[in-house]
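Only one structure is covered here, and it is reproduced in the block below.
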Amino acid sequence: MKVATLVLIAAAALVAEGATGQAQAPAGPSASAGAGPTASANRAEGNTNPVALGATLATQGAPGVAPCSSCHGAQGEGQAAAGFPRLAGQPAPYLERQLQAYAEGSRTNSVMQPIAKAMTPDQRAAAASHYASIAAATDTAPAKPPAASALGRTLATVGAQDRNLQACANCHGPEGIGEWATYPALAGQHATYLRNALSEWKDGSRRTDPSEQMPRIARLLSGAETDAVVAYYSSLPVARPTPPSTASATTQKALTIVSGPTPAARNAPAQGTGSEQGAPVAGGTQGVGGPGNPTGPQSGAAVVPSGGAAASEPARR
Amino acid sequence: MATSRTRLAEVDAVLLGVGLVGSIVGRELTRAGLKVVGLERGEPRFTVPDFQGPQIHDELRYSIRKAMMQDNTRETVTFRNKAADTALPIRRWEGFLPGTGLGGAAVHWNGQTYRFQDTDFRMRTRTNERYGKNFLSADVIVQDWGVSAADMEPYFDRFEYLMGVSGKAGNLKGTKIAGGNPFEDPRSREYPTPPQKEPYGSAMFRKAAAGLGYHPYPQPSCNLSQPYTNPEGLRMETCMFCGFCERYGCEHYAKSSPQTALLPALLKDPNFTLRTQCQVLRINLDQTRKQATGVVYVDGSGREFEQPARLVVVGMFALNNVRMMLLSGIGKPYDPAAKTGVIGRSYAYQTISGASVFFDQSVNINPFMRSGASGTVISDFVSDNFDHGPLGFVGGAYIGEVMSHGRPIEFHPTPPGTPAWGSAWKRAVAEHYNHTSTINVHGSSVATTYNYLDLDPTYKDAWGLPLLRMTFDFPENDLKMSAFLTDKAAQIGRAMGGRQVAAAPRRAPYTITQYQSTHNTGGTVMGSDPSTSAVNPFLQSWDVSNVFVIGASNFPQNASYNPTDTVGALAYRAADAIVNRWVKAPGPLVHT
């Protein structure tokens with residue numbers, strides 16, 4: 001039985017190599033599955049310290065690239081009145097993606113587009129890493145934000161059912177702290193910038209959301225509601241999303257299929273060991289094979305049927 | 001308990017339960033001009049404010065304490081493995097999770113949306129033709145549904161376009177399409193929206209499965225891949241892969257549910273009245289017991305009402321459908337000794353197992369970045385898509401890398417041999433969390449003479465009515481199927497390049513203390529023979545012609561796929577029969 005299985009797998013692995021690239025396997029979505037954050041991480045490996053390179057760009061610029069700090073401030077705090085956004089502490093992948101978008105034209109700005117185009121991909125990644133590494137502190141006194149209203153808080157935290165509008169907090173986090181690596185922090189961001197950003201979503205000039213959620217949301221907001229949401233987030237204390245704790249989270253092995261079982265698998269115990277009732281040992285509940293991890297709190301929790309007649313007498317109304 | 005009962009004005013139709021079935025039938029009936037009252041035992045709830053973050057991502061509240069499920073301190077099910085045992089009440093839902101509340105289980109479902117195959121609908125005929133009449137043991141009940149895939153196609157289409165399903169057709173009007181499911185029956189048009197993005201683990205599965213000669217395709221999903229406006233004029237949005245789908249409501253309007261796909265239209269219709277927190281006690285019959293006159297229910301403040309109605313539509317989830325028929329005395333209860341009667345007969349389930357694929361540290365699975373129904377599957381071993389002759393069982397399973405989450409309380413992958421607790425366990429979880437993929441073997445379930453549902457002789461609910469009693473254990477047929485196909489899943493796992501693959505088939509006895517599936521089926525099955533079915537192929541009671549019973553309780557046996565698409569299509573088919581036939585000439589739609 002076991003021998004037969006191994007032979008089958010070995011044969012199948014040969015087939016796998018032969019079949020690579022054939023039309024039968026849909027290629028589309030998978031190509032992007034592993035790519036995402038990989039590119040920048042790999043590129044950055046060539047530099048001893050991308051953050052340091054980014055710091056140099058920020059303060060000194062490069063040929064055709066004005067120093068970022070001239071607009072975004074010495075600590076990435078931005079400029080409230082001019083609508084230059086606070087960059088400090090924003091997720092590096094988010095910042096890098098914005099620079100790419102400016103370079104490609106899927107985001108428009110007369111100042112940023114020439115700069116982003118002049119930057120190499122390495123420089124964009126480095127600048128993003130630099131600003132992500134700065135603790136988002138209220139290092140300069142922000143301009144006095146407009147007063148937050150109940151309407152702004154409601155839209156940000158609850159949304160509006162009458163037009164299928166979900167709350168901003170679903171993605172941008174409670175109190176606008178953002179979420180690594182995709183969602184920028186909104187808390188303490190300058191009001192003018194936020195208003196401009198919503199305006200770009202609304203008029204379609206910003207096309208960086210493949211889900212099309214942000215353009216829809218911006219269009220659903222009236223002028224007064226836009227002002228209220230802007231006021232709410234710009235009045236919150238500055239916050240930053242928590243970056244992942246290990247660098248390995250941004251590296252990804254290329255999609256390679258090894259032939260047959262590895263030595264570790266060959267020496268593994270017989271199928272079924274460590275599993276209970278057919279449960280996959282890797283847990284998960286619905287969808288991933290149904291049963292939970294036998295050692296997890298759900299299935300592991302001993303539910304002792306108490307029996308007896310008490311069950312027949314739940315609270316009578 | 002109320003001492004007096006208020007009799008309300010008669011309406012054209014009353015819906016028992018306003019979940020997926022109730023919403024669909026309610027919409028069709030009110031559109032046709034009928035005055036409809038929907039009675040929902042649970043609470044009203046909507047995307048805003050009820051499903052919004054961060055509270056909707058409270059794993060302890062929703063996954064562990066099961067906030068969206070039926071309150072089993074008021075109503076539960078008693079369970080035993082076999083008729084010789086004494087059944088005891090399920091005091092905490094674990095094995096399966098009956099939902100409650102407006103929108104029903106279609107609020108917290110995962111969104112896996114498959115059509116049952118023609119070979120499922122004609123399973124008895126097909127088995128006899130291909131393997132002979134004596135292929136199955138005498139205690140296995142396999143029946144035809146009384147419909148074909150061609151009969152069902154327009155209704156599948158209708159339901160899928162309501163929900164905006166994201167998928168890839170494999171068979172368009174008989175032409176096979178590369179990249180879709182080559183085993184599906186002909187569909188009249190492409191899915192409303194393209195497939196969701198393929199996660200990394202699913203991509204590895206696709207490559208491995210294709211290499212083994214199988215036919216991988218993207219799982220059809222009701223977590224939408226792009227914005228979609230359905231024929232009701234309601235717009236749904238793009239899934240954000242948040243990893244909180246099953247057991248949760250969707251904050252983004254991205255999961256198709258009654259709340260996103262139907263209720264905003266239905267609730268605006270002046271012909272429709274929704275009453276929540278209304279517990280229906282029974283369906284009333286006239287003196288002939290051939291006609292229903294309405295229902296009796298208790299509202300949230302304990303007042304008792306009679307709601308007269310010309311038509312009663314039961315869509316309360318499979319288990320509750322069966323119980324309502326038994327409590328109302330409609331149809332002959334199944335007697336397992338005499339093997340006669342139909343209500344409660346042919347209870348079946350879903351035979352699920354899986355394989356865990358452990359990769360080395362360089363392979364990042366990112367399990368948290370999933371949607372409820374993202375993933376890649378094969379149907380090579382579904383239904384009768386393979387030769388059962390030498391295998392000695394019927395049925396099958398889809399096999400797929402369809403992980404739906406990596407939530408911190410529930411997802412703790414550890415390889416065999418890891419201690420179950422302590423520092424070594426913690427280290428193993430940390431080491432494997434992001435480097436483990438799971439493969440699901442989603443298997444069918446045959447009905448048998450000894451698995452059934454009836455009323456419990458001892459235990460009662462909060463309103464003094466007998467609980468439903470479940471008698472169930474895995475039939476030998478399904479255990480054989482699980483053993484055969486779990487082995488196939490392990491082979492695919494090895495071909496994916498896992499360092500180690502751990503898999504085990506489903507084994508008896510069935511336990512209600514470990515989550516497996518909420519795909520409870522049967523008990524009011526559909527068919528063409530009143531002696532072996534509770535409802536006719538239009539889901540009309542054979543005994544009381546103004547009662548329609550709709551849900552997975554209609555399945556004569558359960559198929560390999562998830563049931564929702566088929567339930568939705570059956571609801572549209574029944575609504576069509578009601579509006580276009582029953583309303584014009586009330587009475588039996590099928591004569592025997």
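Note on naming: chains are A, B, ... as they come in the structure tokens, residues start from 1 per chain, ligands start from 1 in the order shown.
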Selection: 6 Å around region 385-396 of chain B, only C-alpha atoms, excl. self and same-chain fewer than 3 positions, as a list in words:
Asp380, Phe381, Val382, Gly443, Ser444, Asn477 and Ser560 of chain B
Using only C-alpha atoms, please write the residues we just selected to a file, as an mmCIF file, in the first residue's frame.
```cif
data_model
loop_
_atom_site.group_PDB
_atom_site.id
_atom_site.type_symbol
_atom_site.label_atom_id
_atom_site.label_comp_id
_atom_site.auth_asym_id
_atom_site.auth_seq_id
_atom_site.Cartn_x
_atom_site.Cartn_y
_atom_site.Cartn_z
ATOM 1 C CA ASP B 380 -12.704 14.448 -9.915
ATOM 2 C CA PHE B 381 -14.046 12.497 -6.919
ATOM 3 C CA VAL B 382 -17.427 14.179 -6.569
ATOM 4 C CA GLY B 443 -17.791 14.229 1.493
ATOM 5 C CA SER B 444 -21.328 13.121 0.790
ATOM 6 C CA ASN B 477 -20.622 3.416 3.012
ATOM 7 C CA SER B 560 -20.534 16.069 -2.018
#
```
Would you mind listing what lies within 8 Å of Tyr183 (chain A) as a list in words, with only C-alpha atoms counted and same-chain residues fewer than 6 positions away left out?
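Neighbouring residues, sequence-local ones excluded: Pro91, Tyr94, Cys171 and His172 of chain A.
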Output file for the residues above (C-alpha atoms, as a compact mmCIF listing (two decimals), in the first residue's frame):
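Saved result, result.txt, follows:
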```
# COMPACT_ATOMS: atom_id res chain seq x y z
CA PRO A 91 3.30 51.18 6.53
CA TYR A 94 1.64 51.40 1.53
CA CYS A 171 -10.11 48.76 7.49
CA HIS A 172 -8.39 51.80 8.97
```
Residues within 12 Å of Leu34 (chain B), please, as a PyMOL selection string. Count only C-alpha atoms; anything in the same chain fewer than 6 positions from it doesn't count.
chain B and resi 10-14+25-28+269-273+309-311+575+578-579+583
Let me see the file: selected residues, C-alpha atoms, as a PDB file, in the first residue's frame.
```pdb
ATOM      1  CA  GLU B  10     -55.905  36.582   7.605  1.00  0.00           C
ATOM      2  CA  VAL B  11     -53.040  37.076   5.150  1.00  0.00           C
ATOM      3  CA  ASP B  12     -52.275  35.359   1.865  1.00  0.00           C
ATOM      4  CA  ALA B  13     -49.134  33.685   3.121  1.00  0.00           C
ATOM      5  CA  VAL B  14     -47.127  33.298   6.282  1.00  0.00           C
ATOM      6  CA  VAL B  25     -40.056  33.151  -1.253  1.00  0.00           C
ATOM      7  CA  GLY B  26     -41.242  36.339   0.431  1.00  0.00           C
ATOM      8  CA  ARG B  27     -39.837  38.460  -2.373  1.00  0.00           C
ATOM      9  CA  GLU B  28     -41.418  36.314  -5.099  1.00  0.00           C
ATOM     10  CA  ASP B 269     -42.535  46.228  -0.259  1.00  0.00           C
ATOM     11  CA  PRO B 270     -45.850  47.250   1.363  1.00  0.00           C
ATOM     12  CA  ASN B 271     -47.111  43.711   0.785  1.00  0.00           C
ATOM     13  CA  PHE B 272     -44.535  42.390   3.244  1.00  0.00           C
ATOM     14  CA  THR B 273     -44.632  42.530   7.029  1.00  0.00           C
ATOM     15  CA  ALA B 309     -53.083  32.389   6.344  1.00  0.00           C
ATOM     16  CA  ARG B 310     -54.098  30.769   3.078  1.00  0.00           C
ATOM     17  CA  LEU B 311     -50.567  29.469   2.511  1.00  0.00           C
ATOM     18  CA  ALA B 575     -41.848  30.045  -5.407  1.00  0.00           C
ATOM     19  CA  ILE B 578     -46.656  28.768  -6.001  1.00  0.00           C
ATOM     20  CA  VAL B 579     -46.965  32.000  -7.976  1.00  0.00           C
ATOM     21  CA  VAL B 583     -52.168  30.760  -6.687  1.00  0.00           C
TER      22      VAL B 583
END
```
In terms of only C-alpha atoms, the residue from A:Ala55, A:Val111, A:Ala239, A:Ala118 at minimal distance from Pro184 (chain A) is A:Ala239
Counting only C-alpha atoms, what is within 9 Å of Thr193 (chain B), bar same-chain residues fewer than 2 positions away, as an MDAnalysis selection string?
chainID B and resid 164:168 190:191 195:196 224:228
